[in-house]
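For reference, the structure is listed below as structure tokens.
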Amino acid sequence: MIAVIQRVTRAEVTVHGESIGRIGHGLVALVAVEKGDGEAEAVRLAERLLGYRVFGDTTGRMNLNVGEVGGGVLLISQFTLAADTRKGMRPSFTPAAEPETGRRLFAALVEQVRQRHPTVATGQFGADMQVSLVNDGPVTFCLRVAPAGPAGVYRNPLPHPAA
């Protein structure tokens, strides 16, 4: 699973002109499910999203997570993050999970985050959404949780720079 997370001062998602999710200070996570992902990846991504320290402490260092600052979390499904863009001028979506798998695992991620965090909003899976936000910093990170390999060891899905 892939999540592009952004620290925001506020964010909102609308569908057909109607606001369906909104947060104040917190994190927006654009999330893609890839082929091979399962429930374990949803659990691990929820842990990483909520534990990732991107908020400043009293000295201004990024030492606090979204829960420690009382921020909200806005989760948006975005399958295009799983695109293969290594060649050509058009993305290939073959790495993305099938829609029903994506829907199920995005819902599992939402449930995991809601179990651990009090303020969670979402977009609508598969909808044409408009997302507006004010990126604070700007602070943006890409988190990736790859399917576990042998003995539950997570493999690195990105090729080594020398490759």
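Residues are referred to by chain and number: the chain letter is A, B, ... according to the order shown in the structure tokens, the number counts from 1 in that chain, and ligands are numbered separately from 1 in the order shown.
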Open item on the list: Can you tell me which residues surround Phe106 (chain A) at a distance of at most 9 Å, considering only C-alpha atoms, apart from same-chain residues fewer than 4 positions away, and format the answer as a ChimeraX atom specification?
Closed with: /A:31-33,42,75-77,101-102,110-111,125
TODO: Considering only C-alpha atoms, return as a list in words whatever protein or nucleic-acid residues lie within 9 Å of Gly71 (chain A), sequence-local ones (same chain, fewer than 6 positions apart) excluded.
DONE: Ile23, Gly24, His25, Gly26, Leu27, Asn65 and Thr119 of chain A
Could those selected residues go to a file with C-alpha atoms, as a PDB file, in the first residue's frame?
```
ATOM      1  CA  ILE A  23     -10.584  18.182   8.928  1.00  0.00           C
ATOM      2  CA  GLY A  24      -8.738  21.073  10.488  1.00  0.00           C
ATOM      3  CA  HIS A  25      -5.089  20.736  11.470  1.00  0.00           C
ATOM      4  CA  GLY A  26      -3.818  17.217  10.753  1.00  0.00           C
ATOM      5  CA  LEU A  27      -2.880  14.813   7.977  1.00  0.00           C
ATOM      6  CA  ASN A  65       2.607  12.455  15.510  1.00  0.00           C
ATOM      7  CA  THR A 119     -10.974  12.331  14.277  1.00  0.00           C
TER       8      THR A 119
END
```
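Proximity to Ser132 (chain A) was assessed for A:Pro91, A:Gly67, A:Gly21, A:Gly36 counting only C-alpha atoms; the smallest distance is recorded for A:Gly21.
Computed from the coordinates, the CA of Lys35 (chain A) to CA of His16 (chain A) distance equals 29.6 Å.
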Open item on the list: Please report the interatomic distance between CA of Leu30 (chain A) and CA of Ala148 (chain A) in Å with one decimal.
Closed with: 21.7 Å
Open item on the list: One decimal, in Å: what's the spacing between CA of Ala83 (chain A) and CA of Pro95 (chain A)?
Closed with: 6.3 Å
Open item on the list: DSSP on the backbone: which residues in region 48-151 of chain A end up as alpha helix (DSSP H)? Give the answer as a list of chain:residue names.
Closed with: A:Arg48, A:Leu49, A:Leu50, A:Gly51, A:Pro99, A:Glu100, A:Thr101, A:Gly102, A:Arg103, A:Arg104, A:Leu105, A:Phe106, A:Ala107, A:Ala108, A:Leu109, A:Val110, A:Glu111, A:Gln112, A:Val113, A:Arg114, A:Gln115, A:Arg116
- [ ] Return the single residue from A:Gly17, A:Gly72, A:Pro118, A:Gly126 that is closest to Glu100 (chain A), with distances computed using only C-alpha atoms.
- [x]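 Smallest distance to Glu100 (chain A) is found for A:Gly126.
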- [ ] Rank A:Val4, A:Pro138, A:Ala127, A:Ala121 by their smallest atom-to-atom distance to Leu49 (chain A), using only C-alpha atoms, and report the top residue only.
- [x]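 Looking at the shortest contact to Leu49 (chain A), the residue is A:Val4.
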Open item on the list: Restricting the calculation to only C-alpha atoms: of A:Thr122, A:His117, A:Lys87, A:Ile2, which residue gets closest to Gly70 (chain A)?
Closed with: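 So, comparing all the options, the nearest one is A:His117.
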Task: Residue nearest Pro99 (chain A) - candidates A:Arg114, A:Val13, A:Glu47, A:Gln78, atoms counted: only C-alpha atoms - done: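 Closest candidate: A:Gln78.
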- [ ] Enumerate, as a count of residues only, the complete set of residues in region 17-148 of chain A that a backbone-based DSSP assignment places in strand (DSSP E).
- [x] 43
